[in-house]
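Data from final.txt: compact mmCIF, C-alpha atoms
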# COMPACT_ATOMS: atom_id res chain seq x y z
CA MET S 606 -19.78 -164.72 67.78
CA LYS S 607 -16.72 -166.80 66.98
CA ARG S 608 -15.98 -169.34 69.72
CA ARG S 609 -12.61 -168.64 71.35
CA ASP S 610 -10.04 -171.30 70.53
CA GLN S 611 -9.04 -172.79 73.89
CA ARG S 612 -6.32 -174.97 72.46
CA HIS S 613 -3.93 -172.37 71.09
CA PHE S 614 -2.09 -169.89 73.27
CA ILE S 615 -0.01 -167.37 71.38
CA THR S 616 3.06 -166.38 73.35
CA ASP S 617 6.41 -164.68 72.75
CA GLU S 618 8.07 -168.08 72.42
CA GLY S 619 5.60 -169.29 69.78
CA ILE S 620 2.30 -171.13 69.84
CA PHE S 621 1.64 -173.53 72.70
CA VAL S 622 -0.89 -176.18 71.66
CA ASP S 623 -3.03 -177.76 74.36
CA SER S 624 -4.20 -181.11 73.00
CA HIS S 625 -6.59 -181.80 75.92
CA PRO S 626 -8.25 -178.55 77.01
CA ARG S 627 -10.88 -180.39 79.10
CA ARG S 628 -8.23 -182.21 81.11
CA THR S 629 -6.40 -178.93 81.59
CA ARG S 630 -9.58 -177.33 82.97
CA VAL S 631 -10.09 -180.24 85.40
CA PHE S 632 -6.47 -180.02 86.55
CA VAL S 633 -6.70 -176.26 87.08
CA PHE S 634 -9.95 -176.77 89.02
CA ILE S 635 -8.30 -179.37 91.30
CA CYS S 636 -5.34 -177.01 91.88
CA ALA S 637 -7.78 -174.20 92.74
CA VAL S 638 -9.70 -176.39 95.25
CA ILE S 639 -6.48 -177.51 96.98
CA SER S 640 -5.21 -173.89 97.05
CA ILE S 641 -8.43 -172.72 98.72
CA ALA S 642 -8.15 -175.57 101.24
CA LEU S 643 -4.58 -174.52 102.06
CA ILE S 644 -5.59 -170.87 102.49
CA VAL S 645 -8.46 -171.86 104.81
CA LEU S 646 -6.21 -174.15 106.87
CA GLY S 647 -3.48 -171.49 107.12
CA ALA S 648 -5.96 -168.80 108.14
CA GLY S 649 -7.56 -171.19 110.66
CA ALA S 650 -4.20 -172.03 112.24
CA LEU S 651 -3.27 -168.34 112.56
CA ILE S 652 -6.70 -167.40 113.97
CA CYS S 653 -6.53 -170.21 116.56
CA GLU S 654 -3.06 -169.06 117.63
CA PHE S 655 -3.59 -165.31 117.83
CA MET S 656 -7.29 -165.11 118.65
CA PRO S 657 -8.08 -168.11 120.96
CA MET X 773 0.93 -192.69 75.22
CA ASN X 774 3.25 -193.04 78.23
CA GLU X 775 5.79 -190.69 76.64
CA LYS X 776 3.07 -188.13 75.88
CA PHE X 777 1.88 -188.27 79.51
CA LYS X 778 5.47 -187.98 80.76
CA ARG X 779 6.15 -185.01 78.46
CA ARG X 780 2.98 -183.24 79.62
CA ALA X 781 3.82 -183.93 83.28
CA TYR X 782 7.29 -182.44 82.73
CA GLU X 783 5.80 -179.32 81.11
CA ILE X 784 3.46 -178.84 84.07
CA LEU X 785 6.16 -179.44 86.70
CA GLU X 786 8.62 -176.99 85.19
CA PRO X 787 8.04 -173.29 85.96
CA SER X 788 5.68 -171.94 83.30
CA THR X 789 7.50 -169.97 80.62
CA MET X 790 4.63 -170.18 78.15
CA ASN X 791 0.99 -169.28 78.62
CA ASP X 792 0.14 -172.75 79.92
CA PRO X 793 -2.75 -172.58 82.43
CA ALA X 794 -2.00 -176.02 83.93
CA SER X 795 1.64 -175.14 84.59
CA LYS X 796 0.74 -171.73 86.02
CA ALA X 797 -1.89 -173.32 88.30
CA TYR X 798 0.63 -175.89 89.51
CA ASP X 799 3.31 -173.24 90.14
CA PHE X 800 0.79 -171.22 92.20
CA LEU X 801 -0.29 -174.30 94.16
CA MET X 802 3.28 -175.32 95.05
CA THR X 803 4.26 -171.76 96.03
CA LEU X 804 1.19 -171.56 98.27
CA ALA X 805 1.95 -175.00 99.75
CA VAL X 806 5.48 -173.88 100.66
CA ILE X 807 4.27 -170.65 102.29
CA VAL X 808 1.36 -172.28 104.19
CA GLY X 809 3.62 -175.21 105.14
CA LEU X 810 5.85 -172.78 107.04
CA ILE X 811 3.00 -171.42 109.18
CA PRO X 812 3.28 -174.21 111.81
CA MET X 813 6.84 -173.00 112.47
CA MET X 814 5.44 -169.63 113.57
CA LEU X 815 3.04 -171.20 116.08
CA LYS X 816 3.67 -172.20 119.65
CA HIS X 817 0.61 -174.40 120.10
CA GLU X 818 -0.45 -177.41 118.05
CA ASN X 819 -4.03 -177.59 116.84
CA ILE X 820 -6.09 -179.56 114.33
CA PHE X 821 -5.27 -177.05 111.57
CA VAL X 822 -1.53 -177.61 112.04
CA PHE X 823 -2.03 -181.37 111.66
CA TRP X 824 -3.98 -180.97 108.42
CA ILE X 825 -1.53 -178.38 107.04
CA ASP X 826 1.32 -180.82 107.67
CA ALA X 827 -0.61 -183.72 106.18
CA LEU X 828 -1.75 -181.88 103.03
CA THR X 829 1.55 -180.13 102.29
CA SER X 830 3.56 -183.30 102.90
CA LEU X 831 1.27 -185.23 100.55
CA LEU X 832 1.68 -182.54 97.87
CA PHE X 833 5.47 -182.58 98.22
CA ILE X 834 5.61 -186.38 98.06
CA ILE X 835 3.51 -186.36 94.86
CA ASP X 836 5.70 -183.54 93.46
CA TYR X 837 8.89 -185.46 94.23
CA GLY X 838 7.47 -188.64 92.71
CA PHE X 839 6.55 -186.94 89.45
CA ARG X 840 9.87 -185.07 89.28
CA LEU X 841 11.67 -188.39 89.67
CA TYR X 842 9.42 -189.93 86.99
CA THR X 843 10.28 -187.11 84.54
CA ALA X 844 13.97 -186.92 85.53
CA ASP X 845 15.11 -188.08 82.07
CA TYR X 846 13.47 -185.01 80.49
CA LYS X 847 14.96 -182.77 83.18
CA MET X 848 18.50 -184.08 82.79
CA GLY X 849 18.22 -184.18 78.99
CA TYR X 850 19.08 -187.82 78.30
CA LYS X 851 17.26 -191.16 78.42
CA SER X 852 19.07 -193.57 80.74
CA TYR X 853 18.85 -194.92 84.29
CA LYS X 854 21.86 -192.61 84.94
CA ALA X 855 19.56 -189.61 84.42
CA TYR X 856 17.42 -190.76 87.36
CA CYS X 857 20.52 -191.29 89.56
CA ALA X 858 21.92 -187.89 88.54
CA TYR X 859 18.62 -186.21 89.35
CA VAL X 860 18.40 -187.80 92.82
CA ILE X 861 21.80 -186.38 93.81
CA SER X 862 21.16 -182.92 92.31
CA PRO X 863 20.93 -180.10 94.92
CA LEU X 864 17.25 -179.21 94.37
CA ALA X 865 16.23 -182.89 94.52
CA ILE X 866 18.07 -183.30 97.83
CA PHE X 867 16.25 -180.30 99.26
CA ASP X 868 12.95 -181.70 97.92
CA LEU X 869 13.66 -184.95 99.76
CA LEU X 870 14.62 -183.14 102.98
CA SER X 871 11.40 -181.12 102.84
CA ILE X 872 9.40 -184.39 102.90
CA ILE X 873 11.02 -185.58 106.16
CA PRO X 874 8.58 -183.69 108.48
CA VAL X 875 5.85 -186.17 107.36
CA ILE X 876 7.46 -188.70 109.72
CA SER X 877 6.39 -186.52 112.68
CA LEU X 878 2.74 -187.25 111.78
CA PHE X 879 3.22 -190.98 112.43
CA TRP X 880 6.09 -191.14 114.94
CA LYS X 881 5.30 -189.17 118.07
CA VAL X 882 8.65 -189.41 119.87
CA THR X 883 9.00 -185.98 121.50
CA SER X 884 12.79 -185.75 121.43
CA VAL X 885 12.95 -186.38 117.69
CA LEU X 886 9.74 -184.51 116.85
CA SER X 887 11.16 -180.99 117.14
CA LEU X 888 14.22 -181.97 115.07
CA LEU X 889 12.02 -183.44 112.32
CA ARG X 890 9.89 -180.31 112.22
CA LEU X 891 12.97 -178.12 111.66
CA PHE X 892 13.29 -179.76 108.23
CA ARG X 893 10.21 -177.77 107.20
CA VAL X 894 12.50 -174.80 106.65
CA PHE X 895 14.09 -176.60 103.66
CA ARG X 896 10.81 -176.13 101.82
CA VAL X 897 11.73 -172.49 101.25
CA VAL X 898 14.44 -173.66 98.82
CA LYS X 899 11.66 -174.99 96.55
CA LEU X 900 10.64 -171.38 95.89
CA VAL X 901 13.93 -170.92 93.96
CA ARG X 902 12.36 -172.82 91.05
CA TYR X 903 9.43 -170.45 90.71
CA SER X 904 11.26 -167.12 90.98
CA LYS X 905 13.40 -165.82 88.06
CA SER X 906 15.29 -163.48 90.43
CA MET X 907 16.16 -166.36 92.75
CA VAL X 908 17.41 -168.37 89.76
CA ILE X 909 19.77 -165.48 88.88
CA ILE X 910 21.07 -165.32 92.46
CA ALA X 911 21.53 -169.10 92.52
CA ASN X 912 23.54 -168.91 89.24
CA VAL X 913 25.67 -166.08 90.64
CA LEU X 914 26.45 -168.03 93.84
CA ARG X 915 27.27 -171.14 91.82
CA LYS X 916 29.79 -169.18 89.69
CA VAL X 917 31.60 -167.60 92.66
CA ARG X 918 31.45 -170.62 95.00
CA LYS X 919 35.25 -171.19 94.86
CA GLN X 920 36.08 -167.59 95.77
CA ILE X 921 33.45 -167.53 98.52
CA GLY X 922 34.74 -170.89 99.76
CA ALA X 923 38.29 -169.50 100.00
CA VAL X 924 37.12 -166.46 102.00
CA PHE X 925 35.02 -168.72 104.24
CA VAL X 926 38.05 -170.94 104.98
CA LEU X 927 40.11 -167.81 105.80
CA VAL X 928 37.43 -166.61 108.21
CA ILE X 929 37.16 -170.02 109.93
CA VAL X 930 40.94 -170.23 110.36
CA TYR X 931 41.06 -166.72 111.83
CA ILE X 932 38.17 -167.46 114.21
CA PHE X 933 39.97 -170.56 115.51
CA ILE X 934 43.27 -168.71 115.94
CA ALA X 935 41.64 -165.77 117.74
CA ALA X 936 39.60 -168.14 119.94
CA MET X 937 42.69 -170.18 120.90
CA LEU X 938 44.69 -167.03 121.75
CA MET X 939 41.91 -165.54 123.84
CA PHE X 940 41.23 -168.88 125.58
CA GLN X 941 44.86 -168.87 126.75
CA LEU X 942 45.13 -165.12 127.54
CA GLU X 943 41.77 -164.80 129.35
CA PRO X 944 41.05 -168.16 131.03
CA ASN X 945 38.57 -166.63 133.52
CA LEU X 946 36.41 -165.17 130.74
CA PHE X 947 35.41 -168.47 129.09
CA ASP X 948 33.88 -171.61 130.63
CA THR X 949 34.65 -173.72 127.53
CA PHE X 950 36.47 -173.37 124.21
CA PHE X 951 33.06 -173.07 122.52
CA ASP X 952 32.55 -169.75 124.41
CA ALA X 953 35.85 -168.53 122.95
CA LEU X 954 34.71 -169.56 119.45
CA TYR X 955 31.41 -167.74 120.03
CA TRP X 956 33.26 -164.60 121.16
CA ALA X 957 35.64 -164.74 118.13
CA THR X 958 32.69 -165.11 115.70
CA ILE X 959 30.77 -162.20 117.24
CA SER X 960 33.92 -160.02 117.17
CA ILE X 961 35.05 -160.75 113.61
CA THR X 962 31.56 -160.19 112.21
CA THR X 963 31.62 -156.82 114.06
CA ILE X 964 28.32 -157.65 115.82
CA GLY X 965 29.82 -157.29 119.30
CA TYR X 966 26.96 -158.26 121.65
CA GLY X 967 29.04 -157.26 124.65
CA ASP X 968 28.11 -160.34 126.68
CA ILE X 969 31.80 -161.43 126.76
CA ILE X 970 34.21 -158.54 127.34
CA PRO X 971 38.05 -158.86 127.47
CA VAL X 972 39.62 -157.38 130.60
CA THR X 973 43.38 -157.89 130.11
CA PHE X 974 45.57 -155.62 127.97
CA LEU X 975 46.57 -158.38 125.52
CA GLY X 976 42.97 -159.59 125.31
CA ARG X 977 41.86 -156.11 124.28
CA ILE X 978 44.64 -155.89 121.66
CA ILE X 979 43.43 -159.19 120.13
CA THR X 980 39.85 -157.83 120.15
CA MET X 981 40.90 -154.62 118.36
CA ILE X 982 42.81 -156.61 115.69
CA SER X 983 39.77 -158.95 115.30
CA ALA X 984 37.46 -156.02 114.68
CA LEU X 985 39.78 -154.49 112.05
CA VAL X 986 40.37 -157.84 110.31
CA GLY X 987 36.63 -158.52 110.45
CA MET X 988 35.79 -155.29 108.64
CA ALA X 989 38.08 -156.27 105.73
CA VAL X 990 37.22 -159.97 105.57
CA ILE X 991 33.45 -159.67 105.94
CA ALA X 992 33.33 -157.10 103.11
CA LEU X 993 35.08 -159.49 100.68
CA PRO X 994 32.12 -161.81 99.91
CA THR X 995 29.88 -158.76 99.39
CA GLY X 996 32.25 -157.39 96.73
CA ILE X 997 32.67 -160.77 95.01
CA ILE X 998 28.92 -161.47 94.88
CA THR X 999 28.06 -157.93 93.75
CA ALA X 1000 30.60 -158.01 90.91
CA SER X 1001 29.34 -161.40 89.73
CA TYR X 1002 25.70 -160.28 90.00
CA MET X 1003 26.39 -157.15 87.88
CA ALA X 1004 28.17 -159.29 85.27
CA GLU X 1005 25.17 -161.68 85.15
CA ILE X 1006 22.69 -158.80 84.77
CA THR X 1007 24.82 -157.21 82.01
CA LYS X 1008 25.06 -160.55 80.20
CA LYS X 1009 21.27 -161.02 80.29
CA LYS X 1010 20.70 -157.43 79.16
CA THR X 1011 23.13 -157.86 76.22
CA LYS X 1012 21.48 -161.18 75.24
CA TYR X 1013 18.04 -159.50 75.30
CA GLU X 1014 19.25 -156.55 73.20
CA LEU X 1015 20.85 -158.85 70.58
Target format structure tokens, applied to this file:
Amino acid sequence: MKRRDQRHFITDEGIFVDSHPRRTRVFVFICAVISIALIVLGAGALICEFMP
Amino acid sequence: MNEKFKRRAYEILEPSTMNDPASKAYDFLMTLAVIVGLIPMMLKHENIFVFWIDALTSLLFIIDYGFRLYTADYKMGYKSYKAYCAYVISPLAIFDLLSIIPVISLFWKVTSVLSLLRLFRVFRVVKLVRYSKSMVIIANVLRKVRKQIGAVFVLVIVYIFIAAMLMFQLEPNLFDTFFDALYWATISITTIGYGDIIPVTFLGRIITMISALVGMAVIALPTGIITASYMAEITKKKTKYEL
């Protein structure tokens, strides 16, 4: 099976070339972790307020 | 190397128009930070979660502002210290700065100032304009008609003052202060009419009737102006897409 090229994203505007796919993956992972933390904190605050 | 890093940072900060996973992840994170950052404003009681929400969202917004300032030359389109100055005084940058102010409440626990500082959280909603194409259209429409809207707004303010001054003289027993008369005039001209302040004299009632009729005409003006401009913007985009 041909390995999927993770550097090239074909879009309507043209081809976006990612020169550091590993760094992109790390950045996306960090954003995901912080997003989950925010969701947990938000849910926790609402639960504490409405269900003491 | 520095320019490459700056260029990449700019691409990530700007709303993703291409299939860039880093930019999309960042847009999602900032949108979530704005929404979660508003939750403390819906709560009556402080708890440990509120503290950490404030701390985390404020840190994210400070980092966001720092990087936007760093890439201001790309944003403004020219390389000069003037680009950085121009960015700092741009409307979105001012709202970004105002949205960071609530971080002071984490370190300075003076009760009287605390509630005022926390009100600045509401400015974070303006950040969502960047990430929504529909909001960008509305912002463009409002920018184009700001002079016409400004003229109508001035007309309304002048009328409110005139009506308030007349009523303050005609019905002195109705109002404790001139501010009450202003409040009454605003509620009448916008046709809300709470009914908490009711004119009792004949002339007072005449002024109220005229205020209601003037209000119907004046309040409808901005709606017509904005709608016409919005339709023109939509038609322009549609024509551009078809060409």
For region 636-644 of chain S, list every protein, DNA or RNA residue within 10 Å, evaluated using only C-alpha atoms, and leave out those in the same chain fewer than 2 positions away; present the list as a PDB file with C-alpha atoms, keeping the file's coordinate frame.
ATOM      1  CA  ARG S 630      -9.580-177.330  82.970  1.00  0.00           C
ATOM      2  CA  VAL S 631     -10.090-180.240  85.400  1.00  0.00           C
ATOM      3  CA  PHE S 632      -6.470-180.020  86.550  1.00  0.00           C
ATOM      4  CA  VAL S 633      -6.700-176.260  87.080  1.00  0.00           C
ATOM      5  CA  PHE S 634      -9.950-176.770  89.020  1.00  0.00           C
ATOM      6  CA  LEU S 646      -6.210-174.150 106.870  1.00  0.00           C
ATOM      7  CA  GLY S 647      -3.480-171.490 107.120  1.00  0.00           C
ATOM      8  CA  ALA S 648      -5.960-168.800 108.140  1.00  0.00           C
ATOM      9  CA  GLY S 649      -7.560-171.190 110.660  1.00  0.00           C
ATOM     10  CA  ALA S 650      -4.200-172.030 112.240  1.00  0.00           C
TER      11      ALA S 650
ATOM     12  CA  ALA X 794      -2.000-176.020  83.930  1.00  0.00           C
ATOM     13  CA  LYS X 796       0.740-171.730  86.020  1.00  0.00           C
ATOM     14  CA  ALA X 797      -1.890-173.320  88.300  1.00  0.00           C
ATOM     15  CA  TYR X 798       0.630-175.890  89.510  1.00  0.00           C
ATOM     16  CA  ASP X 799       3.310-173.240  90.140  1.00  0.00           C
ATOM     17  CA  PHE X 800       0.790-171.220  92.200  1.00  0.00           C
ATOM     18  CA  LEU X 801      -0.290-174.300  94.160  1.00  0.00           C
ATOM     19  CA  MET X 802       3.280-175.320  95.050  1.00  0.00           C
ATOM     20  CA  THR X 803       4.260-171.760  96.030  1.00  0.00           C
ATOM     21  CA  LEU X 804       1.190-171.560  98.270  1.00  0.00           C
ATOM     22  CA  ALA X 805       1.950-175.000  99.750  1.00  0.00           C
ATOM     23  CA  ILE X 807       4.270-170.650 102.290  1.00  0.00           C
ATOM     24  CA  VAL X 808       1.360-172.280 104.190  1.00  0.00           C
ATOM     25  CA  GLY X 809       3.620-175.210 105.140  1.00  0.00           C
ATOM     26  CA  PHE X 821      -5.270-177.050 111.570  1.00  0.00           C
ATOM     27  CA  TRP X 824      -3.980-180.970 108.420  1.00  0.00           C
ATOM     28  CA  ILE X 825      -1.530-178.380 107.040  1.00  0.00           C
ATOM     29  CA  LEU X 828      -1.750-181.880 103.030  1.00  0.00           C
ATOM     30  CA  THR X 829       1.550-180.130 102.290  1.00  0.00           C
ATOM     31  CA  LEU X 832       1.680-182.540  97.870  1.00  0.00           C
TER      32      LEU X 832
END
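When all atoms listed in the file are used to compute distances to Ile997 (chain X), the closest of the residues X:Lys1009, X:Lys899, X:Arg893, X:Arg918 turns out to be X:Arg918.
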Report task. Using only C-alpha atoms, find the one residue out of S:Ile635, S:Met656, S:Val645, S:Thr629 that sits nearest to chain X. Result ->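 Counting only C-alpha atoms, the residue closest to chain X is S:Thr629.
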**Report entry** Counting all atoms listed in the file, the option among X:Asn774, X:Asn945, X:Ser795, X:Thr963 closest to chain S
**Finding:** X:Ser795
Query raised in the report: Quick one: residues within 8 Å of Thr980 (chain X), only C-alpha atoms counted, chain neighbours fewer than 4 positions away excluded, as a VMD selection string?
Result: chain X and resid 960 971 976 984
Requested in this report: For region 928-943 of chain X, work out the shell of residues within 9 Å, counting all atoms listed in the file and skipping chain neighbours fewer than 6 positions away, then give it as a PyMOL selection string.
Outcome: chain X and resi 949-958+961+971-973+975-976+979-980+983+987+990-991
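Atom pair CA of Leu815 (chain X) / CA of Ala865 (chain X): separated by 27.8 Å.
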Report task. Work out how far apart CA of Leu785 (chain X) and CA of Leu900 (chain X) are and give it in Å to one decimal. Result -> 13.0 Å
